[in-house]
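Here's the structure, in structure tokens; my notes come after.
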Amino acid sequence: MASSEQLRPVGGMGAGTTEARVAHVRERANWMRRRLLGMIVDAGQGHPGGDLSATDIVASLYFDILRIDPSNASAPERDRFVMSKGHCTGALYAALAGAGFFAEAELDTYLKPLSRLNGHPNRTYLPGVETNTGPLGHGFPVGVGIAVAGQIDGSEYRVFVLTGDGELQEGSMWEAAMFAGHRGLGKLTVIVDRNRLQQGAGTEDTNQLEPLGDKWRAFGWDVVEVDGHDPAALLAAFDDTAAPRDRPRCIIANTIKGKGVSFMENQAGWHHGVPNAAQYAQALAELSA
């Protein structure tokens, strides 16, 4: 049984200088972007816009912050990550493979018949997946429950939940936020992928979320706003979650849907879709540059 002392971030939180940590996360995030786009092209389906907006966040967690052991995915004191925006499996699966939870070659089976790499993550199929997600508004409440269990047990593990901003239109999200604030879940961190776009339109045109930070504060949360594509800012916000806290933290990560690929950036139409051959070549060229 792995203790919290035996569990280490894959990239090594605190290992090396801040500059080295940031460089490592950037390299991993760029690899993830290239890999997930190839997965989507091969599969003929996927959600590239949200995958790309979340990549820097997921890379910062898996390759620097999370105390995990890919050889013992169920270690009781591991940190937990829940991808509440469960349609963004391209980013999640790339990170899990890159971290060593399964062979990178398996990414080539993405969305194929009988593949373990479904369009929505399934914990009974893949090591490293904490809970099944996909229906919006489900993952975050489960993450709150995991944090409550840790609080009751006096465990040291932290819980990180990544949610889309469009997902915040689900009532279950705010029920969970209210309960987490009431319980003072200091080891819980939610990250809002604030790209301001959802399927078909902007979030503020669909159902206004602002003033978003004030809403989380009203439920008893500590709120930090960062550039969701700046690993230095993300790592600083995540590092601070290791300190003793008496309330949960919400990190509003301002992002760009389709980040890194010029023709996808800030385009709601790339919520889902598949680049054609010319677009894929352009995307790889931009990411390689």
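Here, A, B, ... name the chains of the structure tokens in the order displayed, residue numbers run from 1 inside each chain, and ligands are numbered from 1 in the same displayed order.
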
Would you list the contacts of region 96-103 of chain A as an NGL selection string, taking every protein, DNA or RNA residue within 9 Å and counting only C-alpha atoms, but skipping same-chain residues closer than 4 positions in sequence? :A and (10-11 or 28 or 32 or 62-63 or 69-73 or 91-92 or 107 or 126-129)

Tell me, as number ranges by chain, which residues lie within 7 Å of Val190 (chain A), counting only C-alpha atoms; anything in the same chain fewer than 2 positions away does not count. A: 160-162, 188, 192, 249-251

Can you list, as a list in words, every protein, DNA or RNA residue that comes within 12 Å of Gly154 (chain A) when you count only C-alpha atoms, leaving out same-chain residues fewer than 3 positions away? Glu77, Ala147, Val148, Ala149, Gly150, Gln151, Tyr157, Arg158, Leu185, Gly186 and Lys187 of chain A

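Interatomic distance, CA of Ile57 (chain A) against CA of Val22 (chain A): 12.0 Å.
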
Wanna dump the region 183-221 of chain A-region 43-51 of chain A contacts at 10 Å for me, each residue with its shortest atom pair and the distance in Å to one decimal, counting only C-alpha atoms, ordered by chain and number, as JSON lines?
{"residue": "A:Asp193", "atom": "CA", "partner": "A:Gly50", "partner_atom": "CA", "distance": 8.5}
{"residue": "A:Asn195", "atom": "CA", "partner": "A:Gly50", "partner_atom": "CA", "distance": 8.2}
{"residue": "A:Leu197", "atom": "CA", "partner": "A:Gly50", "partner_atom": "CA", "distance": 9.0}
{"residue": "A:Gln198", "atom": "CA", "partner": "A:Gly50", "partner_atom": "CA", "distance": 8.7}
{"residue": "A:Gln199", "atom": "CA", "partner": "A:Gly49", "partner_atom": "CA", "distance": 9.9}

Neighbouring residues of His182 (chain A) were defined as those with any atom within 12 Å, considering only C-alpha atoms; residues of the same chain fewer than 2 positions away were excluded. Please report them as a PyMOL selection string. chain A and resi 144+148+175-180+184-186+217-221+246-248

Identify, on the basis of only C-alpha atoms, every residue whose closest approach to Asp230 (chain A) does not exceed 9 Å; exclude the query and any residue fewer than 2 positions from it along the same chain; express the result as a list in words.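 The contact residues come out as Val22, Arg26, Asp56, Ile57, Val226, Asp227, Gly228, Ala232, Ala233, Leu234 and Leu235 of chain A.
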
Could those residues be written to a file, using all heavy atoms, as a PDB file, in the first residue's frame?
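Listed below is the output, part09.pdb:
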ATOM      1  N   VAL A  22       8.243  24.628 -15.577  1.00  0.00           N
ATOM      2  CA  VAL A  22       7.403  25.242 -16.604  1.00  0.00           C
ATOM      3  C   VAL A  22       7.765  24.706 -17.979  1.00  0.00           C
ATOM      4  O   VAL A  22       6.887  24.372 -18.793  1.00  0.00           O
ATOM      5  CB  VAL A  22       7.533  26.777 -16.558  1.00  0.00           C
ATOM      6  CG1 VAL A  22       6.911  27.423 -17.801  1.00  0.00           C
ATOM      7  CG2 VAL A  22       6.885  27.327 -15.290  1.00  0.00           C
ATOM      8  N   ARG A  26       5.269  22.732 -20.542  1.00  0.00           N
ATOM      9  CA  ARG A  26       5.043  23.230 -21.902  1.00  0.00           C
ATOM     10  C   ARG A  26       5.334  22.143 -22.942  1.00  0.00           C
ATOM     11  O   ARG A  26       4.575  21.968 -23.899  1.00  0.00           O
ATOM     12  CB  ARG A  26       5.911  24.458 -22.170  1.00  0.00           C
ATOM     13  CG  ARG A  26       5.460  25.724 -21.481  1.00  0.00           C
ATOM     14  CD  ARG A  26       6.201  26.939 -22.054  1.00  0.00           C
ATOM     15  NE  ARG A  26       5.932  28.141 -21.290  1.00  0.00           N
ATOM     16  CZ  ARG A  26       4.824  28.884 -21.416  1.00  0.00           C
ATOM     17  NH1 ARG A  26       3.891  28.507 -22.280  1.00  0.00           N
ATOM     18  NH2 ARG A  26       4.653  29.974 -20.687  1.00  0.00           N
ATOM     19  N   ASP A  56      -3.245  22.710 -21.262  1.00  0.00           N
ATOM     20  CA  ASP A  56      -2.225  23.225 -20.350  1.00  0.00           C
ATOM     21  C   ASP A  56      -2.579  22.938 -18.896  1.00  0.00           C
ATOM     22  O   ASP A  56      -1.694  22.683 -18.064  1.00  0.00           O
ATOM     23  CB  ASP A  56      -2.037  24.727 -20.569  1.00  0.00           C
ATOM     24  CG  ASP A  56      -1.505  25.032 -21.949  1.00  0.00           C
ATOM     25  OD1 ASP A  56      -0.413  24.551 -22.289  1.00  0.00           O
ATOM     26  OD2 ASP A  56      -2.187  25.743 -22.713  1.00  0.00           O
ATOM     27  N   ILE A  57      -3.867  22.969 -18.584  1.00  0.00           N
ATOM     28  CA  ILE A  57      -4.321  22.671 -17.222  1.00  0.00           C
ATOM     29  C   ILE A  57      -4.043  21.203 -16.888  1.00  0.00           C
ATOM     30  O   ILE A  57      -3.465  20.880 -15.844  1.00  0.00           O
ATOM     31  CB  ILE A  57      -5.830  22.970 -17.095  1.00  0.00           C
ATOM     32  CG1 ILE A  57      -6.119  24.448 -17.362  1.00  0.00           C
ATOM     33  CG2 ILE A  57      -6.342  22.553 -15.716  1.00  0.00           C
ATOM     34  CD1 ILE A  57      -7.586  24.759 -17.583  1.00  0.00           C
ATOM     35  N   VAL A 226      -6.588  32.981 -13.187  1.00  0.00           N
ATOM     36  CA  VAL A 226      -5.278  32.877 -13.824  1.00  0.00           C
ATOM     37  C   VAL A 226      -5.444  32.742 -15.332  1.00  0.00           C
ATOM     38  O   VAL A 226      -6.530  32.471 -15.840  1.00  0.00           O
ATOM     39  CB  VAL A 226      -4.475  31.655 -13.302  1.00  0.00           C
ATOM     40  CG1 VAL A 226      -4.256  31.736 -11.803  1.00  0.00           C
ATOM     41  CG2 VAL A 226      -5.159  30.348 -13.684  1.00  0.00           C
ATOM     42  N   ASP A 227      -4.331  32.915 -16.035  1.00  0.00           N
ATOM     43  CA  ASP A 227      -4.253  32.600 -17.447  1.00  0.00           C
ATOM     44  C   ASP A 227      -4.114  31.089 -17.563  1.00  0.00           C
ATOM     45  O   ASP A 227      -3.114  30.505 -17.141  1.00  0.00           O
ATOM     46  CB  ASP A 227      -3.036  33.307 -18.064  1.00  0.00           C
ATOM     47  CG  ASP A 227      -2.835  33.002 -19.545  1.00  0.00           C
ATOM     48  OD1 ASP A 227      -3.480  32.075 -20.069  1.00  0.00           O
ATOM     49  OD2 ASP A 227      -2.018  33.696 -20.181  1.00  0.00           O
ATOM     50  N   GLY A 228      -5.111  30.439 -18.139  1.00  0.00           N
ATOM     51  CA  GLY A 228      -5.129  28.987 -18.205  1.00  0.00           C
ATOM     52  C   GLY A 228      -4.161  28.389 -19.197  1.00  0.00           C
ATOM     53  O   GLY A 228      -4.084  27.156 -19.317  1.00  0.00           O
ATOM     54  N   ALA A 232       3.322  28.680 -15.588  1.00  0.00           N
ATOM     55  CA  ALA A 232       3.865  29.274 -14.359  1.00  0.00           C
ATOM     56  C   ALA A 232       2.738  29.710 -13.431  1.00  0.00           C
ATOM     57  O   ALA A 232       2.779  29.470 -12.214  1.00  0.00           O
ATOM     58  CB  ALA A 232       4.776  30.450 -14.704  1.00  0.00           C
ATOM     59  N   ALA A 233       1.711  30.352 -13.995  1.00  0.00           N
ATOM     60  CA  ALA A 233       0.579  30.792 -13.189  1.00  0.00           C
ATOM     61  C   ALA A 233      -0.222  29.605 -12.668  1.00  0.00           C
ATOM     62  O   ALA A 233      -0.669  29.598 -11.511  1.00  0.00           O
ATOM     63  CB  ALA A 233      -0.313  31.719 -14.011  1.00  0.00           C
ATOM     64  N   LEU A 234      -0.396  28.604 -13.498  1.00  0.00           N
ATOM     65  CA  LEU A 234      -1.131  27.414 -13.075  1.00  0.00           C
ATOM     66  C   LEU A 234      -0.400  26.677 -11.956  1.00  0.00           C
ATOM     67  O   LEU A 234      -1.008  26.297 -10.950  1.00  0.00           O
ATOM     68  CB  LEU A 234      -1.340  26.476 -14.267  1.00  0.00           C
ATOM     69  CG  LEU A 234      -2.357  26.936 -15.312  1.00  0.00           C
ATOM     70  CD1 LEU A 234      -2.220  26.099 -16.587  1.00  0.00           C
ATOM     71  CD2 LEU A 234      -3.782  26.826 -14.767  1.00  0.00           C
ATOM     72  N   LEU A 235       0.907  26.482 -12.113  1.00  0.00           N
ATOM     73  CA  LEU A 235       1.666  25.764 -11.095  1.00  0.00           C
ATOM     74  C   LEU A 235       1.647  26.514  -9.770  1.00  0.00           C
ATOM     75  O   LEU A 235       1.550  25.897  -8.702  1.00  0.00           O
ATOM     76  CB  LEU A 235       3.100  25.537 -11.565  1.00  0.00           C
ATOM     77  CG  LEU A 235       3.279  24.608 -12.773  1.00  0.00           C
ATOM     78  CD1 LEU A 235       4.760  24.446 -13.104  1.00  0.00           C
ATOM     79  CD2 LEU A 235       2.633  23.254 -12.531  1.00  0.00           C
TER      80      LEU A 235
END

Quick check for you: according to DSSP on this backbone, which residues of region 61-178 of chain A are classed as strand (DSSP E or B)? Reply as a ChimeraX atom specification. /A:68,80-83,159-164

Nearest to Ala283 (chain A): which of A:Thr206, A:Thr189, A:Ser74, A:Ser262 is it, counting only C-alpha atoms? A:Ser262

So how far away is CA of Gly269 (chain A) from CA of Phe81 (chain A), in Å?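 Separating CA of Phe81 (chain A) from CA of Gly269 (chain A) is a distance of 27.9 Å.
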
Residue nearest Trp216 (chain A) - candidates A:Ile252, A:Ala268, A:Gln169, A:Pro121, atoms counted: only C-alpha atoms: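 With only C-alpha atoms as the atom set, the closest residue is A:Ile252.
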
Which residues, written as JSON, numbers by chain, have at least one atom at most 9 Å from Val142 (chain A), with only C-alpha atoms counted and residues fewer than 4 positions away on the same chain left out? {"A": [82, 84, 131, 138, 146, 147, 176]}

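CA of Glu286 (chain A) to CA of Leu36 (chain A) spans 14.6 Å [interatomic distance, one decimal].
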
Closest of A:Pro231, A:Gly181, A:Gly260, A:Gly166 to Gly202 (chain A) - atom-to-atom distances counting only C-alpha atoms: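 Closest residue, counting only C-alpha atoms: A:Gly166.
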